[in-house]
file query.cif (mmCIF, C-alpha atoms)
data_upload
loop_
_atom_site.group_PDB
_atom_site.id
_atom_site.type_symbol
_atom_site.label_atom_id
_atom_site.label_comp_id
_atom_site.auth_asym_id
_atom_site.auth_seq_id
_atom_site.Cartn_x
_atom_site.Cartn_y
_atom_site.Cartn_z
ATOM 1 C CA MET W 1 100.319 92.865 122.817
ATOM 2 C CA THR W 2 102.178 92.371 126.066
ATOM 3 C CA LYS W 3 101.052 94.071 129.261
ATOM 4 C CA LYS W 4 103.919 96.562 128.927
ATOM 5 C CA GLN W 5 102.933 97.341 125.317
ATOM 6 C CA ARG W 6 99.300 97.860 126.330
ATOM 7 C CA ALA W 7 100.444 100.215 129.099
ATOM 8 C CA GLN W 8 102.476 102.184 126.543
ATOM 9 C CA VAL W 9 99.459 102.500 124.218
ATOM 10 C CA VAL W 10 97.299 103.658 127.137
ATOM 11 C CA MET W 11 99.804 106.378 128.051
ATOM 12 C CA GLN W 12 100.186 107.581 124.450
ATOM 13 C CA GLU W 13 96.458 107.713 123.703
ATOM 14 C CA LEU W 14 95.529 109.395 126.976
ATOM 15 C CA GLU W 15 98.237 112.006 126.492
ATOM 16 C CA LYS W 16 96.719 112.838 123.072
ATOM 17 C CA LEU W 17 93.222 113.080 124.554
ATOM 18 C CA TYR W 18 94.082 114.917 127.762
ATOM 19 C CA PRO W 19 97.342 116.877 127.449
ATOM 20 C CA GLU W 20 96.119 119.056 130.325
ATOM 21 C CA VAL W 21 94.194 117.604 133.246
ATOM 22 C CA PRO W 22 92.759 119.870 135.922
ATOM 23 C CA VAL W 23 92.007 118.348 139.312
ATOM 24 C CA PRO W 24 88.236 117.685 139.091
ATOM 25 C CA LEU W 25 87.557 118.846 142.651
ATOM 26 C CA GLN W 26 87.486 122.603 143.148
ATOM 27 C CA HIS W 27 89.954 123.772 145.785
ATOM 28 C CA LYS W 28 92.417 126.575 146.480
ATOM 29 C CA ASP W 29 95.007 124.929 148.726
ATOM 30 C CA ALA W 30 95.981 121.668 150.421
ATOM 31 C CA PHE W 31 93.335 121.925 153.136
ATOM 32 C CA THR W 32 90.399 122.593 150.814
ATOM 33 C CA LEU W 33 91.602 119.763 148.547
ATOM 34 C CA LEU W 34 91.841 117.415 151.543
ATOM 35 C CA VAL W 35 88.293 118.297 152.578
ATOM 36 C CA ALA W 36 86.917 117.940 149.034
ATOM 37 C CA VAL W 37 88.530 114.532 148.503
ATOM 38 C CA ALA W 38 87.328 113.292 151.897
ATOM 39 C CA LEU W 39 83.797 114.411 150.975
ATOM 40 C CA SER W 40 83.941 112.682 147.577
ATOM 41 C CA ALA W 41 83.735 109.154 149.036
ATOM 42 C CA GLN W 42 80.660 107.415 147.589
ATOM 43 C CA THR W 43 79.453 110.527 145.811
ATOM 44 C CA THR W 44 80.363 112.363 142.601
ATOM 45 C CA ASP W 45 82.921 115.126 142.172
ATOM 46 C CA LYS W 46 80.150 117.180 140.570
ATOM 47 C CA LYS W 47 78.049 116.961 143.728
ATOM 48 C CA VAL W 48 81.034 117.817 145.937
ATOM 49 C CA ASN W 49 81.781 120.882 143.791
ATOM 50 C CA GLU W 50 78.177 122.037 144.285
ATOM 51 C CA ILE W 51 78.402 122.041 148.077
ATOM 52 C CA THR W 52 81.994 123.071 148.830
ATOM 53 C CA PRO W 53 81.569 126.775 147.943
ATOM 54 C CA HIS W 54 79.066 127.100 150.821
ATOM 55 C CA LEU W 55 81.229 125.000 153.143
ATOM 56 C CA PHE W 56 84.403 126.932 152.349
ATOM 57 C CA ALA W 57 82.617 130.267 152.683
ATOM 58 C CA ALA W 58 81.993 129.250 156.285
ATOM 59 C CA ALA W 59 85.290 127.460 156.931
ATOM 60 C CA ASP W 60 88.207 127.317 154.502
ATOM 61 C CA THR W 61 90.931 126.727 157.109
ATOM 62 C CA PRO W 62 91.400 124.073 159.809
ATOM 63 C CA GLN W 63 91.046 126.780 162.459
ATOM 64 C CA LYS W 64 87.641 127.895 161.155
ATOM 65 C CA MET W 65 86.416 124.331 160.537
ATOM 66 C CA ALA W 66 87.370 123.300 164.079
ATOM 67 C CA LEU W 67 85.183 126.091 165.472
ATOM 68 C CA LEU W 68 82.036 124.892 163.668
ATOM 69 C CA GLN W 69 79.640 122.535 165.396
ATOM 70 C CA VAL W 70 79.157 119.103 163.828
ATOM 71 C CA GLU W 71 75.507 120.065 163.189
ATOM 72 C CA GLU W 72 76.600 123.154 161.235
ATOM 73 C CA ILE W 73 78.958 121.121 159.060
ATOM 74 C CA ARG W 74 76.277 118.485 158.549
ATOM 75 C CA TYR W 75 73.838 121.149 157.366
ATOM 76 C CA LEU W 76 76.373 122.599 154.917
ATOM 77 C CA ILE W 77 77.123 119.183 153.356
ATOM 78 C CA ARG W 78 73.581 117.777 153.659
ATOM 79 C CA GLN W 79 73.207 117.107 149.913
ATOM 80 C CA ILE W 80 75.829 114.344 149.795
ATOM 81 C CA GLY W 81 75.890 110.816 151.193
ATOM 82 C CA LEU W 82 77.216 109.662 154.582
ATOM 83 C CA THR W 83 76.622 113.169 155.919
ATOM 84 C CA ASN W 84 76.692 112.344 159.632
ATOM 85 C CA GLN W 85 80.028 110.520 159.566
ATOM 86 C CA LYS W 86 81.627 112.995 157.175
ATOM 87 C CA ALA W 87 80.602 115.957 159.344
ATOM 88 C CA LYS W 88 82.123 114.327 162.443
ATOM 89 C CA ASN W 89 85.288 113.447 160.520
ATOM 90 C CA LEU W 90 85.729 116.979 159.144
ATOM 91 C CA LYS W 91 85.441 118.574 162.560
ATOM 92 C CA ARG W 92 87.831 116.122 164.219
ATOM 93 C CA MET W 93 90.255 116.308 161.265
ATOM 94 C CA ALA W 94 90.357 120.096 161.587
ATOM 95 C CA GLU W 95 90.881 119.894 165.352
ATOM 96 C CA LEU W 96 93.789 117.476 164.941
ATOM 97 C CA LEU W 97 95.386 119.636 162.245
ATOM 98 C CA VAL W 98 95.280 122.570 164.660
ATOM 99 C CA GLU W 99 96.400 120.558 167.699
ATOM 100 C CA ASN W 100 99.142 118.451 166.110
ATOM 101 C CA HIS W 101 100.213 120.287 162.948
ATOM 102 C CA ASN W 102 99.791 124.003 163.672
ATOM 103 C CA GLY W 103 96.873 124.119 161.243
ATOM 104 C CA VAL W 104 99.022 122.953 158.324
ATOM 105 C CA VAL W 105 98.209 119.867 156.227
ATOM 106 C CA PRO W 106 101.082 117.385 156.744
ATOM 107 C CA GLN W 107 103.106 116.109 153.809
ATOM 108 C CA THR W 108 103.470 112.421 154.667
ATOM 109 C CA PHE W 109 101.171 109.483 153.994
ATOM 110 C CA GLU W 110 101.419 108.326 157.607
ATOM 111 C CA GLU W 111 100.315 111.660 159.083
ATOM 112 C CA LEU W 112 97.542 112.160 156.527
ATOM 113 C CA GLU W 113 96.153 108.642 156.973
ATOM 114 C CA ALA W 114 96.073 109.171 160.746
ATOM 115 C CA LEU W 115 93.402 111.862 160.236
ATOM 116 C CA PRO W 116 89.707 110.874 160.547
ATOM 117 C CA GLY W 117 88.064 110.111 157.214
ATOM 118 C CA VAL W 118 91.384 110.052 155.331
ATOM 119 C CA GLY W 119 92.179 106.718 153.711
ATOM 120 C CA HIS W 120 95.062 105.834 151.423
ATOM 121 C CA LYS W 121 93.324 107.070 148.274
ATOM 122 C CA THR W 122 92.523 110.467 149.793
ATOM 123 C CA ALA W 123 96.073 110.780 151.112
ATOM 124 C CA SER W 124 97.434 109.836 147.672
ATOM 125 C CA VAL W 125 95.395 112.539 145.939
ATOM 126 C CA VAL W 126 96.588 115.190 148.388
ATOM 127 C CA MET W 127 100.215 114.031 148.218
ATOM 128 C CA SER W 128 100.197 114.057 144.411
ATOM 129 C CA GLN W 129 98.012 117.047 143.568
ATOM 130 C CA ALA W 130 98.718 119.396 146.475
ATOM 131 C CA PHE W 131 102.363 118.566 147.128
ATOM 132 C CA GLY W 132 103.652 117.009 143.896
ATOM 133 C CA PHE W 133 104.823 113.722 145.426
ATOM 134 C CA PRO W 134 104.592 110.776 143.012
ATOM 135 C CA ALA W 135 101.452 108.837 143.893
ATOM 136 C CA PHE W 136 98.880 106.780 142.000
ATOM 137 C CA PRO W 137 95.494 107.108 143.695
ATOM 138 C CA VAL W 138 93.208 104.307 142.532
ATOM 139 C CA ASP W 139 89.475 104.918 142.562
ATOM 140 C CA THR W 140 86.726 102.685 141.188
ATOM 141 C CA HIS W 141 87.126 104.093 137.632
ATOM 142 C CA ILE W 142 90.839 103.282 137.565
ATOM 143 C CA HIS W 143 90.377 99.874 139.180
ATOM 144 C CA ARG W 144 87.720 98.943 136.612
ATOM 145 C CA LEU W 145 89.662 100.203 133.585
ATOM 146 C CA MET W 146 92.979 98.661 134.660
ATOM 147 C CA LYS W 147 91.168 95.299 134.841
ATOM 148 C CA GLN W 148 89.357 95.945 131.562
ATOM 149 C CA TRP W 149 92.699 96.707 129.867
ATOM 150 C CA LYS W 150 94.190 93.585 131.497
ATOM 151 C CA LEU W 151 96.879 95.634 133.190
ATOM 152 C CA THR W 152 96.039 94.084 136.552
ATOM 153 C CA GLU W 153 94.405 91.016 137.977
ATOM 154 C CA GLY W 154 93.752 93.202 141.019
ATOM 155 C CA LYS W 155 91.151 91.821 143.387
ATOM 156 C CA ASN W 156 91.212 95.200 145.148
ATOM 157 C CA VAL W 157 92.466 98.753 144.720
ATOM 158 C CA VAL W 158 95.658 98.031 146.697
ATOM 159 C CA GLN W 159 96.823 95.397 144.224
ATOM 160 C CA THR W 160 95.741 97.543 141.278
ATOM 161 C CA GLU W 161 97.764 100.471 142.644
ATOM 162 C CA ASN W 162 100.856 98.257 143.007
ATOM 163 C CA ASP W 163 100.472 96.962 139.440
ATOM 164 C CA ALA W 164 99.997 100.482 138.060
ATOM 165 C CA LYS W 165 103.163 101.667 139.791
ATOM 166 C CA LYS W 166 105.141 98.812 138.262
ATOM 167 C CA LEU W 167 103.798 99.359 134.736
ATOM 168 C CA PHE W 168 103.869 103.145 134.423
ATOM 169 C CA PRO W 169 106.904 105.413 134.910
ATOM 170 C CA LYS W 170 106.841 107.282 138.213
ATOM 171 C CA SER W 171 107.056 110.609 136.356
ATOM 172 C CA THR W 172 103.618 109.933 134.781
ATOM 173 C CA TRP W 173 101.675 108.871 137.885
ATOM 174 C CA ASN W 174 100.267 112.201 139.064
ATOM 175 C CA LYS W 175 98.893 113.093 135.642
ATOM 176 C CA LEU W 176 98.032 109.621 134.400
ATOM 177 C CA HIS W 177 95.649 108.710 137.219
ATOM 178 C CA LEU W 178 93.594 111.806 136.338
ATOM 179 C CA GLN W 179 93.739 111.012 132.609
ATOM 180 C CA ILE W 180 92.349 107.522 133.285
ATOM 181 C CA ILE W 181 89.537 108.982 135.409
ATOM 182 C CA PHE W 182 88.625 111.465 132.654
ATOM 183 C CA TYR W 183 88.700 108.694 130.033
ATOM 184 C CA GLY W 184 86.474 106.458 132.142
ATOM 185 C CA ARG W 185 83.879 109.174 132.598
ATOM 186 C CA GLU W 186 83.843 110.249 128.951
ATOM 187 C CA TYR W 187 84.402 107.040 126.995
ATOM 188 C CA SER W 188 83.795 104.074 129.270
ATOM 189 C CA PRO W 189 81.272 104.743 132.041
ATOM 190 C CA ALA W 190 80.579 101.857 134.425
ATOM 191 C CA ARG W 191 76.953 101.796 133.353
ATOM 192 C CA GLY W 192 76.506 102.965 129.818
ATOM 193 C CA ASN W 193 77.266 102.565 126.170
ATOM 194 C CA SER W 194 80.713 101.061 125.556
ATOM 195 C CA GLU W 195 80.628 102.010 121.850
ATOM 196 C CA LYS W 196 82.788 105.072 122.542
ATOM 197 C CA ASP W 197 85.439 103.021 124.329
ATOM 198 C CA PHE W 198 87.946 103.021 121.452
ATOM 199 C CA LEU W 199 90.946 102.395 123.690
ATOM 200 C CA THR W 200 89.780 98.991 124.917
ATOM 201 C CA LYS W 201 89.054 98.007 121.307
ATOM 202 C CA MET W 202 92.475 99.248 120.199
ATOM 203 C CA LEU W 203 94.195 97.130 122.847
ATOM 204 C CA PHE W 204 92.413 93.914 121.912
ATOM 205 C CA VAL W 205 92.006 93.964 118.136
#
call {"tool": "encode", "arguments": {"input": "query.cif", "output": "structure tokens"}}
result
Amino acid sequence: MTKKQRAQVVMQELEKLYPEVPVPLQHKDAFTLLVAVALSAQTTDKKVNEITPHLFAAADTPQKMALLQVEEIRYLIRQIGLTNQKAKNLKRMAELLVENHNGVVPQTFEELEALPGVGHKTASVVMSQAFGFPAFPVDTHIHRLMKQWKLTEGKNVVQTENDAKKLFPKSTWNKLHLQIIFYGREYSPARGNSEKDFLTKMLFV
């Protein structure tokens, strides 16, 4: 199978498995999604979903978040990793949204990535899932599976993202990146039994 053929099989099989893909992080608008994705760095979506109800009860808008003290934010997110830095980032992010964007989450990569704690992957998730712009956020699951399926020789997530965008039609990006994440968690965990990973077997019979 060529790389293009393998990409086609991946799309077809994932569409059968996951015709509907909810965003794994609980949120109600662009700001709460931005916060949840920023918090998800080096921790699980499950853990983020456990703490965000308490955080959003206290501050679900940039205006409210900006009014909290860093110590208050740190306490509310204390169960996840990198708490100190994330608390500082959330407060400063909220302040900048209020100061520079009238409390509205901007809809460009440049403006999002200028916010504290917002890297390219976080910006990509917000652009695709909150605003519907074509984007292909690459996390560790996607990076690993794209290499496993020999769809990239990517040494890093930047190269993997570029390869994914060349292989898959733009119209599929926003859904497909979630489908790959769901597949990785269910059928091909980084540490675990690969017996369930039928797709890798299918591609290399």
call {"tool": "closest_residue", "arguments": {"input": "query.cif", "among": "W:Gly119, W:Pro24, W:Pro169, W:Gly184", "to": "Val48 (chain W)", "atoms": "all atoms listed in the file"}}
result
W:Pro24
call {"tool": "resolve_selection", "arguments": {"input": "query.cif", "expression": "the PyMOL selection byres ((chain W and resi 132) around 12)", "output": "MDAnalysis selection string"}}
result
chainID W and resid 30 107:108 124:131 133:136 170:175
call {"tool": "residues_around", "arguments": {"input": "query.cif", "residues": "region 196-199 of chain W", "least_positions_apart": "6", "cutoff": "8 Å", "atoms": "all atoms listed in the file", "output": "list in words"}}
result
Val10, Glu13, Tyr187 and Ser188 of chain W
call {"tool": "residues_around", "arguments": {"input": "query.cif", "residues": "region 160-164 of chain W", "least_positions_apart": "5", "cutoff": "12 Å", "atoms": "only C-alpha atoms", "output": "ChimeraX atom specification"}}
result
/W:3-4,7-8,10-11,120-121,124,135-155,169-170,172-174,176-177,180
call {"tool": "resolve_selection", "arguments": {"input": "query.cif", "expression": "the PyMOL selection byres ((chain W and resi 82) around 12)", "output": "PyMOL selection string"}}
result
chain W and resi 38-43+74+77-81+83-89+117
call {"tool": "write_last_selection", "arguments": {"input": "query.cif", "atoms": "C-alpha atoms", "output": "PDB file, in the frame of the given file"}}
result
ATOM      1  CA  ALA W  38      87.328 113.292 151.897  1.00  0.00           C
ATOM      2  CA  LEU W  39      83.797 114.411 150.975  1.00  0.00           C
ATOM      3  CA  SER W  40      83.941 112.682 147.577  1.00  0.00           C
ATOM      4  CA  ALA W  41      83.735 109.154 149.036  1.00  0.00           C
ATOM      5  CA  GLN W  42      80.660 107.415 147.589  1.00  0.00           C
ATOM      6  CA  THR W  43      79.453 110.527 145.811  1.00  0.00           C
ATOM      7  CA  ARG W  74      76.277 118.485 158.549  1.00  0.00           C
ATOM      8  CA  ILE W  77      77.123 119.183 153.356  1.00  0.00           C
ATOM      9  CA  ARG W  78      73.581 117.777 153.659  1.00  0.00           C
ATOM     10  CA  GLN W  79      73.207 117.107 149.913  1.00  0.00           C
ATOM     11  CA  ILE W  80      75.829 114.344 149.795  1.00  0.00           C
ATOM     12  CA  GLY W  81      75.890 110.816 151.193  1.00  0.00           C
ATOM     13  CA  THR W  83      76.622 113.169 155.919  1.00  0.00           C
ATOM     14  CA  ASN W  84      76.692 112.344 159.632  1.00  0.00           C
ATOM     15  CA  GLN W  85      80.028 110.520 159.566  1.00  0.00           C
ATOM     16  CA  LYS W  86      81.627 112.995 157.175  1.00  0.00           C
ATOM     17  CA  ALA W  87      80.602 115.957 159.344  1.00  0.00           C
ATOM     18  CA  LYS W  88      82.123 114.327 162.443  1.00  0.00           C
ATOM     19  CA  ASN W  89      85.288 113.447 160.520  1.00  0.00           C
ATOM     20  CA  GLY W 117      88.064 110.111 157.214  1.00  0.00           C
TER      21      GLY W 117
END
call {"tool": "atom_distance", "arguments": {"input": "query.cif", "atom1": "CA of Leu90 (chain W)", "atom2": "CA of Asn156 (chain W)"}}
result
26.5 Å
call {"tool": "build_atoms", "arguments": {"input": "query.cif", "residues": "region 147-165 of chain W", "atoms": "N, CA and C atoms", "output": "mmCIF file, in the coordinates of the input"}}
result
data_model
loop_
_atom_site.group_PDB
_atom_site.id
_atom_site.type_symbol
_atom_site.label_atom_id
_atom_site.label_comp_id
_atom_site.auth_asym_id
_atom_site.auth_seq_id
_atom_site.Cartn_x
_atom_site.Cartn_y
_atom_site.Cartn_z
ATOM 1 N N LYS W 147 91.559 96.698 135.039
ATOM 2 C CA LYS W 147 91.168 95.299 134.841
ATOM 3 C C LYS W 147 90.665 95.084 133.410
ATOM 4 N N GLN W 148 89.911 96.032 132.924
ATOM 5 C CA GLN W 148 89.357 95.945 131.562
ATOM 6 C C GLN W 148 90.478 95.901 130.527
ATOM 7 N N TRP W 149 91.544 96.667 130.782
ATOM 8 C CA TRP W 149 92.699 96.707 129.867
ATOM 9 C C TRP W 149 93.700 95.598 130.153
ATOM 10 N N LYS W 150 93.337 94.719 131.105
ATOM 11 C CA LYS W 150 94.190 93.585 131.497
ATOM 12 C C LYS W 150 95.601 94.047 131.899
ATOM 13 N N LEU W 151 95.621 95.137 132.637
ATOM 14 C CA LEU W 151 96.879 95.634 133.190
ATOM 15 C C LEU W 151 97.021 95.228 134.650
ATOM 16 N N THR W 152 95.985 94.597 135.184
ATOM 17 C CA THR W 152 96.039 94.084 136.552
ATOM 18 C C THR W 152 95.056 92.932 136.688
ATOM 19 N N GLU W 153 95.378 92.031 137.570
ATOM 20 C CA GLU W 153 94.405 91.016 137.977
ATOM 21 C C GLU W 153 93.860 91.414 139.344
ATOM 22 N N GLY W 154 94.036 92.696 139.684
ATOM 23 C CA GLY W 154 93.752 93.202 141.019
ATOM 24 C C GLY W 154 92.389 92.807 141.563
ATOM 25 N N LYS W 155 92.407 92.147 142.701
ATOM 26 C CA LYS W 155 91.151 91.821 143.387
ATOM 27 C C LYS W 155 90.664 93.042 144.174
ATOM 28 N N ASN W 156 91.567 93.997 144.385
ATOM 29 C CA ASN W 156 91.212 95.200 145.148
ATOM 30 C C ASN W 156 92.082 96.361 144.690
ATOM 31 N N VAL W 157 91.765 97.552 145.184
ATOM 32 C CA VAL W 157 92.466 98.753 144.720
ATOM 33 C C VAL W 157 93.939 98.760 145.148
ATOM 34 N N VAL W 158 94.263 98.073 146.239
ATOM 35 C CA VAL W 158 95.658 98.031 146.697
ATOM 36 C C VAL W 158 96.536 97.309 145.677
ATOM 37 N N GLN W 159 96.070 96.154 145.223
ATOM 38 C CA GLN W 159 96.823 95.397 144.224
ATOM 39 C C GLN W 159 96.882 96.153 142.901
ATOM 40 N N THR W 160 95.768 96.774 142.524
ATOM 41 C CA THR W 160 95.741 97.543 141.278
ATOM 42 C C THR W 160 96.730 98.696 141.333
ATOM 43 N N GLU W 161 96.805 99.368 142.481
ATOM 44 C CA GLU W 161 97.764 100.471 142.644
ATOM 45 C C GLU W 161 99.193 99.955 142.498
ATOM 46 N N ASN W 162 99.508 98.823 143.114
ATOM 47 C CA ASN W 162 100.856 98.257 143.007
ATOM 48 C C ASN W 162 101.203 97.912 141.567
ATOM 49 N N ASP W 163 100.243 97.317 140.843
ATOM 50 C CA ASP W 163 100.472 96.962 139.440
ATOM 51 C C ASP W 163 100.679 98.206 138.583
ATOM 52 N N ALA W 164 99.869 99.233 138.828
ATOM 53 C CA ALA W 164 99.997 100.482 138.060
ATOM 54 C C ALA W 164 101.379 101.095 138.263
ATOM 55 N N LYS W 165 101.860 101.069 139.492
ATOM 56 C CA LYS W 165 103.163 101.667 139.791
ATOM 57 C C LYS W 165 104.310 100.898 139.143
#
